[in-house]
Amino acid sequence: MEPDTSAPQQDDSYFDERVGMVVTRSGRAKWRRKLDEHRANRDVAALEALRDRLRLGPAAQA
Amino acid sequence: MTADLRDIAIVLDTTALTAWARESVAVGELIAEIEDDHGAVLVPMACLVEAAYRTGMLAEQRLRMLLDLPTVFLVVDDPEDWPALAATRNLVERADLAAAAWLAVDAQVQVMTSDPRWYSAVNGGRDVLTFEPGE
């Protein structure tokens with residue numbers, strides 16, 4: 001009988017009481033990478049300029 | 001910008017809150033990761049109300065559980081931000097999503113959403129963290 005390779009690795013998933021569900025360490029690592037990538041690559045100057053422009057209100061956007 | 005001396009990591013929009021209420025693993029994994037990092041997850045009040053409306057009373061316990069997490073902060077709009085919120089509303093076409101987008105721009109973080117199209121006019125749509133609805 002062939003082993004079921006489609007099943008997730010047992011040690012990758014665990015029940016996280018804080019969020020009340022089974023999560024995976026690999027899934028968490030994926031989100032960590034995405035957060036880090038954005039933090040490293042975000043255009044701070046563009047975001048600050050957008051924030052300042054938005055604060056002027058909708059009339060200033062026209 | 002910090003919340004309770006935690007670095008703000010993400011803003012959850014209505015789709016992410018709705019997914020949380022339906023036990024989305026993606027949202028749970030992200031929150032667990034941010035909690036271990038002692039970061040902050042922001043929940044705009046308008047998105048919470050819309051998510052509660054969409055998921056009904058059965059999900060209320062899940063939403064309350066979310067708000068009880070030490071990493072999660074419910075954010076009420078600052079009255080002084082109304083011009084910015086109105087301007088952001090023009091970009092995303094919904095008041096709840098405007099609250100999420102504005103918080104994200106102000107904190108220079110991403111909005112977690114299952115529908116990035118709503119945010120395409122906000123800084124070119126570069127500041128979204130997308131998940132699949134069934135993820």
# chains A, B, ... in the order shown; residues from 1 in each chain; ligands from 1
>>> residues_around(residues="Val43 (chain B)", least_positions_apart="4", cutoff="9 Å", atoms="only C-alpha atoms", output="JSON, numbers by chain")
{"B": [10, 11, 12, 13, 14, 17, 47, 48, 67, 72, 73, 74, 75, 76, 100]}
>>> interface_residues(of="chain A", to="chain B", cutoff="9 Å", atoms="only C-alpha atoms", output="VMD selection string")
chain A and resid 16 18 to 25 27 to 32 34 to 35 38 to 39 42 to 44 46 to 48 50 to 61
>>> select_by_dssp(residues="chain A", states="helix (DSSP H, G or I)", output="PDB file with all heavy atoms, in the first residue's frame")
ATOM      1  N   GLN A  10       2.627  15.732   9.636  1.00  0.00           N
ATOM      2  CA  GLN A  10       1.975  15.799  10.941  1.00  0.00           C
ATOM      3  C   GLN A  10       2.572  16.877  11.829  1.00  0.00           C
ATOM      4  O   GLN A  10       1.860  17.537  12.563  1.00  0.00           O
ATOM      5  CB  GLN A  10       2.063  14.449  11.622  1.00  0.00           C
ATOM      6  CG  GLN A  10       0.971  13.484  11.165  1.00  0.00           C
ATOM      7  CD  GLN A  10       0.878  12.299  12.086  1.00  0.00           C
ATOM      8  OE1 GLN A  10       1.863  11.922  12.704  1.00  0.00           O
ATOM      9  NE2 GLN A  10      -0.292  11.715  12.169  1.00  0.00           N
ATOM     10  N   ASP A  11       3.883  17.047  11.780  1.00  0.00           N
ATOM     11  CA  ASP A  11       4.500  18.004  12.687  1.00  0.00           C
ATOM     12  C   ASP A  11       4.372  19.429  12.195  1.00  0.00           C
ATOM     13  O   ASP A  11       4.845  20.351  12.834  1.00  0.00           O
ATOM     14  CB  ASP A  11       5.960  17.640  12.933  1.00  0.00           C
ATOM     15  CG  ASP A  11       6.774  17.687  11.641  1.00  0.00           C
ATOM     16  OD1 ASP A  11       6.170  17.895  10.575  1.00  0.00           O
ATOM     17  OD2 ASP A  11       7.998  17.525  11.716  1.00  0.00           O
ATOM     18  N   ASP A  12       3.753  19.627  11.037  1.00  0.00           N
ATOM     19  CA  ASP A  12       3.586  20.979  10.508  1.00  0.00           C
ATOM     20  C   ASP A  12       2.331  21.650  11.067  1.00  0.00           C
ATOM     21  O   ASP A  12       2.256  22.861  11.132  1.00  0.00           O
ATOM     22  CB  ASP A  12       3.504  20.931   8.978  1.00  0.00           C
ATOM     23  CG  ASP A  12       3.547  22.323   8.360  1.00  0.00           C
ATOM     24  OD1 ASP A  12       4.313  23.171   8.859  1.00  0.00           O
ATOM     25  OD2 ASP A  12       2.797  22.565   7.405  1.00  0.00           O
ATOM     26  N   ARG A  25       2.688  25.509  10.600  1.00  0.00           N
ATOM     27  CA  ARG A  25       3.888  26.348  10.735  1.00  0.00           C
ATOM     28  C   ARG A  25       4.323  26.862   9.365  1.00  0.00           C
ATOM     29  O   ARG A  25       4.794  27.986   9.252  1.00  0.00           O
ATOM     30  CB  ARG A  25       5.001  25.551  11.412  1.00  0.00           C
ATOM     31  CG  ARG A  25       4.685  25.231  12.869  1.00  0.00           C
ATOM     32  CD  ARG A  25       5.764  24.383  13.534  1.00  0.00           C
ATOM     33  NE  ARG A  25       5.420  24.126  14.925  1.00  0.00           N
ATOM     34  CZ  ARG A  25       4.596  23.153  15.325  1.00  0.00           C
ATOM     35  NH1 ARG A  25       4.074  22.337  14.432  1.00  0.00           N
ATOM     36  NH2 ARG A  25       4.312  22.984  16.601  1.00  0.00           N
ATOM     37  N   SER A  26       4.151  26.044   8.347  1.00  0.00           N
ATOM     38  CA  SER A  26       4.537  26.482   7.000  1.00  0.00           C
ATOM     39  C   SER A  26       3.638  27.620   6.532  1.00  0.00           C
ATOM     40  O   SER A  26       4.096  28.556   5.873  1.00  0.00           O
ATOM     41  CB  SER A  26       4.487  25.313   6.018  1.00  0.00           C
ATOM     42  OG  SER A  26       3.193  24.744   5.998  1.00  0.00           O
ATOM     43  N   GLY A  27       2.350  27.544   6.885  1.00  0.00           N
ATOM     44  CA  GLY A  27       1.439  28.631   6.530  1.00  0.00           C
ATOM     45  C   GLY A  27       1.806  29.914   7.236  1.00  0.00           C
ATOM     46  O   GLY A  27       1.832  30.988   6.627  1.00  0.00           O
ATOM     47  N   ARG A  28       2.115  29.804   8.505  1.00  0.00           N
ATOM     48  CA  ARG A  28       2.528  30.986   9.255  1.00  0.00           C
ATOM     49  C   ARG A  28       3.791  31.590   8.655  1.00  0.00           C
ATOM     50  O   ARG A  28       3.914  32.814   8.545  1.00  0.00           O
ATOM     51  CB  ARG A  28       2.767  30.615  10.723  1.00  0.00           C
ATOM     52  CG  ARG A  28       1.501  30.353  11.488  1.00  0.00           C
ATOM     53  CD  ARG A  28       1.807  30.057  12.933  1.00  0.00           C
ATOM     54  NE  ARG A  28       2.727  31.042  13.500  1.00  0.00           N
ATOM     55  CZ  ARG A  28       3.021  31.135  14.783  1.00  0.00           C
ATOM     56  NH1 ARG A  28       2.489  30.298  15.641  1.00  0.00           N
ATOM     57  NH2 ARG A  28       3.832  32.053  15.232  1.00  0.00           N
ATOM     58  N   ALA A  29       4.723  30.726   8.269  1.00  0.00           N
ATOM     59  CA  ALA A  29       5.982  31.222   7.684  1.00  0.00           C
ATOM     60  C   ALA A  29       5.718  31.953   6.371  1.00  0.00           C
ATOM     61  O   ALA A  29       6.380  32.951   6.052  1.00  0.00           O
ATOM     62  CB  ALA A  29       6.944  30.060   7.463  1.00  0.00           C
ATOM     63  N   LYS A  30       4.730  31.466   5.621  1.00  0.00           N
ATOM     64  CA  LYS A  30       4.392  32.139   4.356  1.00  0.00           C
ATOM     65  C   LYS A  30       3.909  33.564   4.611  1.00  0.00           C
ATOM     66  O   LYS A  30       4.338  34.507   3.951  1.00  0.00           O
ATOM     67  CB  LYS A  30       3.301  31.341   3.630  1.00  0.00           C
ATOM     68  CG  LYS A  30       2.833  31.987   2.333  1.00  0.00           C
ATOM     69  CD  LYS A  30       1.675  31.237   1.714  1.00  0.00           C
ATOM     70  CE  LYS A  30       0.376  31.538   2.432  1.00  0.00           C
ATOM     71  NZ  LYS A  30      -0.813  30.962   1.768  1.00  0.00           N
ATOM     72  N   TRP A  31       3.032  33.712   5.612  1.00  0.00           N
ATOM     73  CA  TRP A  31       2.519  35.055   5.915  1.00  0.00           C
ATOM     74  C   TRP A  31       3.621  35.940   6.471  1.00  0.00           C
ATOM     75  O   TRP A  31       3.664  37.141   6.207  1.00  0.00           O
ATOM     76  CB  TRP A  31       1.344  34.972   6.896  1.00  0.00           C
ATOM     77  CG  TRP A  31       0.185  34.229   6.314  1.00  0.00           C
ATOM     78  CD1 TRP A  31      -0.339  33.043   6.732  1.00  0.00           C
ATOM     79  CD2 TRP A  31      -0.589  34.612   5.157  1.00  0.00           C
ATOM     80  NE1 TRP A  31      -1.374  32.669   5.918  1.00  0.00           N
ATOM     81  CE2 TRP A  31      -1.554  33.601   4.954  1.00  0.00           C
ATOM     82  CE3 TRP A  31      -0.544  35.694   4.286  1.00  0.00           C
ATOM     83  CZ2 TRP A  31      -2.468  33.659   3.907  1.00  0.00           C
ATOM     84  CZ3 TRP A  31      -1.461  35.754   3.246  1.00  0.00           C
ATOM     85  CH2 TRP A  31      -2.412  34.748   3.067  1.00  0.00           C
ATOM     86  N   ARG A  32       4.524  35.347   7.253  1.00  0.00           N
ATOM     87  CA  ARG A  32       5.658  36.112   7.779  1.00  0.00           C
ATOM     88  C   ARG A  32       6.506  36.670   6.636  1.00  0.00           C
ATOM     89  O   ARG A  32       6.897  37.826   6.638  1.00  0.00           O
ATOM     90  CB  ARG A  32       6.490  35.202   8.703  1.00  0.00           C
ATOM     91  CG  ARG A  32       7.904  35.672   9.021  1.00  0.00           C
ATOM     92  CD  ARG A  32       7.979  37.053   9.599  1.00  0.00           C
ATOM     93  NE  ARG A  32       7.053  37.239  10.700  1.00  0.00           N
ATOM     94  CZ  ARG A  32       6.624  38.434  11.118  1.00  0.00           C
ATOM     95  NH1 ARG A  32       7.027  39.540  10.520  1.00  0.00           N
ATOM     96  NH2 ARG A  32       5.790  38.532  12.130  1.00  0.00           N
ATOM     97  N   ARG A  33       6.756  35.825   5.636  1.00  0.00           N
ATOM     98  CA  ARG A  33       7.542  36.273   4.477  1.00  0.00           C
ATOM     99  C   ARG A  33       6.841  37.430   3.777  1.00  0.00           C
ATOM    100  O   ARG A  33       7.473  38.423   3.397  1.00  0.00           O
ATOM    101  CB  ARG A  33       7.737  35.126   3.482  1.00  0.00           C
ATOM    102  CG  ARG A  33       8.872  34.188   3.824  1.00  0.00           C
ATOM    103  CD  ARG A  33       9.261  33.339   2.611  1.00  0.00           C
ATOM    104  NE  ARG A  33       8.128  32.617   2.051  1.00  0.00           N
ATOM    105  CZ  ARG A  33       7.697  31.441   2.514  1.00  0.00           C
ATOM    106  NH1 ARG A  33       8.301  30.887   3.535  1.00  0.00           N
ATOM    107  NH2 ARG A  33       6.669  30.840   1.956  1.00  0.00           N
ATOM    108  N   LYS A  34       5.535  37.306   3.611  1.00  0.00           N
ATOM    109  CA  LYS A  34       4.801  38.361   2.898  1.00  0.00           C
ATOM    110  C   LYS A  34       4.815  39.672   3.685  1.00  0.00           C
ATOM    111  O   LYS A  34       4.950  40.753   3.094  1.00  0.00           O
ATOM    112  CB  LYS A  34       3.359  37.906   2.633  1.00  0.00           C
ATOM    113  CG  LYS A  34       3.266  36.819   1.578  1.00  0.00           C
ATOM    114  CD  LYS A  34       1.835  36.316   1.405  1.00  0.00           C
ATOM    115  CE  LYS A  34       1.760  35.200   0.389  1.00  0.00           C
ATOM    116  NZ  LYS A  34       1.306  35.633  -0.910  1.00  0.00           N
ATOM    117  N   LEU A  35       4.674  39.593   4.986  1.00  0.00           N
ATOM    118  CA  LEU A  35       4.735  40.809   5.803  1.00  0.00           C
ATOM    119  C   LEU A  35       6.121  41.448   5.716  1.00  0.00           C
ATOM    120  O   LEU A  35       6.248  42.669   5.566  1.00  0.00           O
ATOM    121  CB  LEU A  35       4.412  40.489   7.268  1.00  0.00           C
ATOM    122  CG  LEU A  35       2.963  40.180   7.626  1.00  0.00           C
ATOM    123  CD1 LEU A  35       2.873  39.749   9.085  1.00  0.00           C
ATOM    124  CD2 LEU A  35       2.057  41.378   7.373  1.00  0.00           C
ATOM    125  N   ASP A  36       7.146  40.627   5.819  1.00  0.00           N
ATOM    126  CA  ASP A  36       8.515  41.136   5.776  1.00  0.00           C
ATOM    127  C   ASP A  36       8.838  41.751   4.417  1.00  0.00           C
ATOM    128  O   ASP A  36       9.518  42.777   4.331  1.00  0.00           O
ATOM    129  CB  ASP A  36       9.513  40.023   6.107  1.00  0.00           C
ATOM    130  CG  ASP A  36       9.467  39.624   7.572  1.00  0.00           C
ATOM    131  OD1 ASP A  36       8.884  40.375   8.376  1.00  0.00           O
ATOM    132  OD2 ASP A  36      10.008  38.546   7.907  1.00  0.00           O
ATOM    133  N   GLU A  37       8.343  41.109   3.361  1.00  0.00           N
ATOM    134  CA  GLU A  37       8.599  41.622   2.008  1.00  0.00           C
ATOM    135  C   GLU A  37       7.975  43.003   1.842  1.00  0.00           C
ATOM    136  O   GLU A  37       8.594  43.914   1.281  1.00  0.00           O
ATOM    137  CB  GLU A  37       8.025  40.662   0.961  1.00  0.00           C
ATOM    138  CG  GLU A  37       8.873  39.432   0.724  1.00  0.00           C
ATOM    139  CD  GLU A  37       8.190  38.428  -0.198  1.00  0.00           C
ATOM    140  OE1 GLU A  37       7.149  38.783  -0.805  1.00  0.00           O
ATOM    141  OE2 GLU A  37       8.687  37.305  -0.275  1.00  0.00           O
ATOM    142  N   HIS A  38       6.762  43.150   2.332  1.00  0.00           N
ATOM    143  CA  HIS A  38       6.119  44.460   2.192  1.00  0.00           C
ATOM    144  C   HIS A  38       6.840  45.507   3.014  1.00  0.00           C
ATOM    145  O   HIS A  38       7.077  46.621   2.546  1.00  0.00           O
ATOM    146  CB  HIS A  38       4.653  44.389   2.625  1.00  0.00           C
ATOM    147  CG  HIS A  38       3.955  45.725   2.520  1.00  0.00           C
ATOM    148  ND1 HIS A  38       3.802  46.565   3.600  1.00  0.00           N
ATOM    149  CD2 HIS A  38       3.407  46.365   1.451  1.00  0.00           C
ATOM    150  CE1 HIS A  38       3.174  47.660   3.195  1.00  0.00           C
ATOM    151  NE2 HIS A  38       2.912  47.561   1.908  1.00  0.00           N
ATOM    152  N   ARG A  39       7.228  45.149   4.224  1.00  0.00           N
ATOM    153  CA  ARG A  39       7.915  46.104   5.091  1.00  0.00           C
ATOM    154  C   ARG A  39       9.234  46.556   4.460  1.00  0.00           C
ATOM    155  O   ARG A  39       9.600  47.720   4.547  1.00  0.00           O
ATOM    156  CB  ARG A  39       8.168  45.472   6.460  1.00  0.00           C
ATOM    157  CG  ARG A  39       8.654  46.451   7.508  1.00  0.00           C
ATOM    158  CD  ARG A  39       8.655  45.823   8.873  1.00  0.00           C
ATOM    159  NE  ARG A  39       7.307  45.513   9.323  1.00  0.00           N
ATOM    160  CZ  ARG A  39       7.027  44.672  10.327  1.00  0.00           C
ATOM    161  NH1 ARG A  39       7.991  44.068  10.967  1.00  0.00           N
ATOM    162  NH2 ARG A  39       5.791  44.458  10.682  1.00  0.00           N
ATOM    163  N   ALA A  40       9.901  45.631   3.823  1.00  0.00           N
ATOM    164  CA  ALA A  40      11.198  45.951   3.219  1.00  0.00           C
ATOM    165  C   ALA A  40      11.057  46.762   1.934  1.00  0.00           C
ATOM    166  O   ALA A  40      11.933  47.570   1.604  1.00  0.00           O
ATOM    167  CB  ALA A  40      11.967  44.667   2.942  1.00  0.00           C
ATOM    168  N   ASN A  41       9.976  46.535   1.227  1.00  0.00           N
ATOM    169  CA  ASN A  41       9.846  47.127  -0.115  1.00  0.00           C
ATOM    170  C   ASN A  41       8.830  48.258  -0.212  1.00  0.00           C
ATOM    171  O   ASN A  41       8.681  48.852  -1.268  1.00  0.00           O
ATOM    172  CB  ASN A  41       9.451  46.033  -1.120  1.00  0.00           C
ATOM    173  CG  ASN A  41      10.506  44.953  -1.207  1.00  0.00           C
ATOM    174  OD1 ASN A  41      11.695  45.247  -1.191  1.00  0.00           O
ATOM    175  ND2 ASN A  41      10.080  43.708  -1.267  1.00  0.00           N
ATOM    176  N   VAL A  44       7.748  54.301   1.293  1.00  0.00           N
ATOM    177  CA  VAL A  44       7.337  55.154   2.405  1.00  0.00           C
ATOM    178  C   VAL A  44       7.016  56.567   1.921  1.00  0.00           C
ATOM    179  O   VAL A  44       6.021  57.169   2.346  1.00  0.00           O
ATOM    180  CB  VAL A  44       8.442  55.180   3.490  1.00  0.00           C
ATOM    181  CG1 VAL A  44       8.112  56.216   4.555  1.00  0.00           C
ATOM    182  CG2 VAL A  44       8.579  53.794   4.122  1.00  0.00           C
ATOM    183  N   ALA A  45       7.824  57.067   1.017  1.00  0.00           N
ATOM    184  CA  ALA A  45       7.596  58.432   0.520  1.00  0.00           C
ATOM    185  C   ALA A  45       6.249  58.526  -0.196  1.00  0.00           C
ATOM    186  O   ALA A  45       5.503  59.504  -0.015  1.00  0.00           O
ATOM    187  CB  ALA A  45       8.732  58.837  -0.411  1.00  0.00           C
ATOM    188  N   ALA A  46       5.927  57.519  -0.984  1.00  0.00           N
ATOM    189  CA  ALA A  46       4.654  57.530  -1.711  1.00  0.00           C
ATOM    190  C   ALA A  46       3.481  57.431  -0.740  1.00  0.00           C
ATOM    191  O   ALA A  46       2.457  58.105  -0.919  1.00  0.00           O
ATOM    192  CB  ALA A  46       4.610  56.368  -2.700  1.00  0.00           C
ATOM    193  N   LEU A  47       3.633  56.614   0.299  1.00  0.00           N
ATOM    194  CA  LEU A  47       2.553  56.472   1.279  1.00  0.00           C
ATOM    195  C   LEU A  47       2.361  57.754   2.086  1.00  0.00           C
ATOM    196  O   LEU A  47       1.234  58.158   2.379  1.00  0.00           O
ATOM    197  CB  LEU A  47       2.836  55.285   2.204  1.00  0.00           C
ATOM    198  CG  LEU A  47       2.612  53.903   1.573  1.00  0.00           C
ATOM    199  CD1 LEU A  47       3.201  52.808   2.437  1.00  0.00           C
ATOM    200  CD2 LEU A  47       1.124  53.658   1.351  1.00  0.00           C
ATOM    201  N   GLU A  48       3.449  58.409   2.422  1.00  0.00           N
ATOM    202  CA  GLU A  48       3.338  59.670   3.164  1.00  0.00           C
ATOM    203  C   GLU A  48       2.698  60.748   2.290  1.00  0.00           C
ATOM    204  O   GLU A  48       1.868  61.534   2.769  1.00  0.00           O
ATOM    205  CB  GLU A  48       4.717  60.111   3.645  1.00  0.00           C
ATOM    206  CG  GLU A  48       5.246  59.262   4.806  1.00  0.00           C
ATOM    207  CD  GLU A  48       6.636  59.669   5.255  1.00  0.00           C
ATOM    208  OE1 GLU A  48       7.303  60.444   4.537  1.00  0.00           O
ATOM    209  OE2 GLU A  48       7.064  59.180   6.314  1.00  0.00           O
ATOM    210  N   ALA A  49       3.066  60.768   1.017  1.00  0.00           N
ATOM    211  CA  ALA A  49       2.475  61.751   0.101  1.00  0.00           C
ATOM    212  C   ALA A  49       0.978  61.484  -0.076  1.00  0.00           C
ATOM    213  O   ALA A  49       0.169  62.427  -0.091  1.00  0.00           O
ATOM    214  CB  ALA A  49       3.195  61.696  -1.245  1.00  0.00           C
ATOM    215  N   LEU A  50       0.626  60.213  -0.200  1.00  0.00           N
ATOM    216  CA  LEU A  50      -0.795  59.850  -0.333  1.00  0.00           C
ATOM    217  C   LEU A  50      -1.562  60.223   0.932  1.00  0.00           C
ATOM    218  O   LEU A  50      -2.663  60.788   0.852  1.00  0.00           O
ATOM    219  CB  LEU A  50      -0.925  58.346  -0.601  1.00  0.00           C
ATOM    220  CG  LEU A  50      -2.353  57.786  -0.660  1.00  0.00           C
ATOM    221  CD1 LEU A  50      -3.167  58.470  -1.757  1.00  0.00           C
ATOM    222  CD2 LEU A  50      -2.314  56.266  -0.889  1.00  0.00           C
ATOM    223  N   ARG A  51      -0.995  59.932   2.082  1.00  0.00           N
ATOM    224  CA  ARG A  51      -1.654  60.274   3.351  1.00  0.00           C
ATOM    225  C   ARG A  51      -1.903  61.779   3.437  1.00  0.00           C
ATOM    226  O   ARG A  51      -3.002  62.226   3.789  1.00  0.00           O
ATOM    227  CB  ARG A  51      -0.774  59.827   4.518  1.00  0.00           C
ATOM    228  CG  ARG A  51      -1.362  60.142   5.891  1.00  0.00           C
ATOM    229  CD  ARG A  51      -0.343  59.895   6.981  1.00  0.00           C
ATOM    230  NE  ARG A  51       0.818  60.775   6.793  1.00  0.00           N
ATOM    231  CZ  ARG A  51       2.005  60.589   7.365  1.00  0.00           C
ATOM    232  NH1 ARG A  51       2.207  59.550   8.135  1.00  0.00           N
ATOM    233  NH2 ARG A  51       3.001  61.437   7.145  1.00  0.00           N
ATOM    234  N   ASP A  52      -0.879  62.562   3.087  1.00  0.00           N
ATOM    235  CA  ASP A  52      -1.029  64.017   3.169  1.00  0.00           C
ATOM    236  C   ASP A  52      -2.072  64.513   2.169  1.00  0.00           C
ATOM    237  O   ASP A  52      -2.828  65.454   2.461  1.00  0.00           O
ATOM    238  CB  ASP A  52       0.321  64.691   2.914  1.00  0.00           C
ATOM    239  CG  ASP A  52       1.319  64.390   4.027  1.00  0.00           C
ATOM    240  OD1 ASP A  52       0.883  63.927   5.110  1.00  0.00           O
ATOM    241  OD2 ASP A  52       2.525  64.592   3.811  1.00  0.00           O
ATOM    242  N   ARG A  53      -2.117  63.887   1.004  1.00  0.00           N
ATOM    243  CA  ARG A  53      -3.087  64.300  -0.019  1.00  0.00           C
ATOM    244  C   ARG A  53      -4.509  63.948   0.421  1.00  0.00           C
ATOM    245  O   ARG A  53      -5.425  64.746   0.269  1.00  0.00           O
ATOM    246  CB  ARG A  53      -2.732  63.605  -1.340  1.00  0.00           C
ATOM    247  CG  ARG A  53      -3.314  64.262  -2.565  1.00  0.00           C
ATOM    248  CD  ARG A  53      -2.619  63.812  -3.832  1.00  0.00           C
ATOM    249  NE  ARG A  53      -2.754  62.396  -4.099  1.00  0.00           N
ATOM    250  CZ  ARG A  53      -1.743  61.532  -4.102  1.00  0.00           C
ATOM    251  NH1 ARG A  53      -0.524  61.942  -3.850  1.00  0.00           N
ATOM    252  NH2 ARG A  53      -1.958  60.258  -4.373  1.00  0.00           N
ATOM    253  N   LEU A  54      -4.669  62.755   0.971  1.00  0.00           N
ATOM    254  CA  LEU A  54      -5.999  62.333   1.425  1.00  0.00           C
ATOM    255  C   LEU A  54      -6.497  63.224   2.562  1.00  0.00           C
ATOM    256  O   LEU A  54      -7.698  63.519   2.659  1.00  0.00           O
ATOM    257  CB  LEU A  54      -5.975  60.865   1.870  1.00  0.00           C
ATOM    258  CG  LEU A  54      -5.788  59.841   0.747  1.00  0.00           C
ATOM    259  CD1 LEU A  54      -5.579  58.442   1.322  1.00  0.00           C
ATOM    260  CD2 LEU A  54      -6.958  59.849  -0.220  1.00  0.00           C
ATOM    261  N   ARG A  55      -5.597  63.663   3.402  1.00  0.00           N
ATOM    262  CA  ARG A  55      -6.010  64.499   4.526  1.00  0.00           C
ATOM    263  C   ARG A  55      -6.600  65.831   4.073  1.00  0.00           C
ATOM    264  O   ARG A  55      -7.300  66.507   4.835  1.00  0.00           O
ATOM    265  CB  ARG A  55      -4.811  64.762   5.453  1.00  0.00           C
ATOM    266  CG  ARG A  55      -4.570  63.605   6.409  1.00  0.00           C
ATOM    267  CD  ARG A  55      -3.617  63.972   7.534  1.00  0.00           C
ATOM    268  NE  ARG A  55      -3.611  62.940   8.556  1.00  0.00           N
ATOM    269  CZ  ARG A  55      -2.515  62.467   9.115  1.00  0.00           C
ATOM    270  NH1 ARG A  55      -1.338  62.951   8.793  1.00  0.00           N
ATOM    271  NH2 ARG A  55      -2.593  61.530  10.049  1.00  0.00           N
ATOM    272  N   PRO A  58     -11.822  65.219  -0.078  1.00  0.00           N
ATOM    273  CA  PRO A  58     -12.206  64.791  -1.436  1.00  0.00           C
ATOM    274  C   PRO A  58     -12.120  65.905  -2.470  1.00  0.00           C
ATOM    275  O   PRO A  58     -11.832  65.646  -3.640  1.00  0.00           O
ATOM    276  CB  PRO A  58     -13.647  64.312  -1.251  1.00  0.00           C
ATOM    277  CG  PRO A  58     -14.116  64.878   0.027  1.00  0.00           C
ATOM    278  CD  PRO A  58     -12.907  65.053   0.891  1.00  0.00           C
ATOM    279  N   ALA A  59     -12.360  67.151  -2.057  1.00  0.00           N
ATOM    280  CA  ALA A  59     -12.327  68.242  -3.050  1.00  0.00           C
ATOM    281  C   ALA A  59     -10.940  68.390  -3.641  1.00  0.00           C
ATOM    282  O   ALA A  59     -10.803  68.711  -4.833  1.00  0.00           O
ATOM    283  CB  ALA A  59     -12.777  69.549  -2.386  1.00  0.00           C
ATOM    284  N   ALA A  60      -9.926  68.149  -2.817  1.00  0.00           N
ATOM    285  CA  ALA A  60      -8.542  68.312  -3.299  1.00  0.00           C
ATOM    286  C   ALA A  60      -8.127  67.196  -4.252  1.00  0.00           C
ATOM    287  O   ALA A  60      -7.109  67.317  -4.944  1.00  0.00           O
ATOM    288  CB  ALA A  60      -7.591  68.330  -2.099  1.00  0.00           C
ATOM    289  N   GLN A  61      -8.907  66.099  -4.286  1.00  0.00           N
ATOM    290  CA  GLN A  61      -8.539  64.981  -5.165  1.00  0.00           C
ATOM    291  C   GLN A  61      -9.010  65.223  -6.597  1.00  0.00           C
ATOM    292  O   GLN A  61      -8.513  64.588  -7.525  1.00  0.00           O
ATOM    293  CB  GLN A  61      -9.170  63.673  -4.666  1.00  0.00           C
ATOM    294  CG  GLN A  61      -9.029  63.416  -3.179  1.00  0.00           C
ATOM    295  CD  GLN A  61      -7.586  63.390  -2.724  1.00  0.00           C
ATOM    296  OE1 GLN A  61      -6.749  62.729  -3.317  1.00  0.00           O
ATOM    297  NE2 GLN A  61      -7.286  64.115  -1.668  1.00  0.00           N
TER     298      GLN A  61
END
>>> select_by_dssp(residues="region 14-52 of chain A", states="strand (DSSP E or B)", output="number ranges by chain")
A: 14-16, 21-24
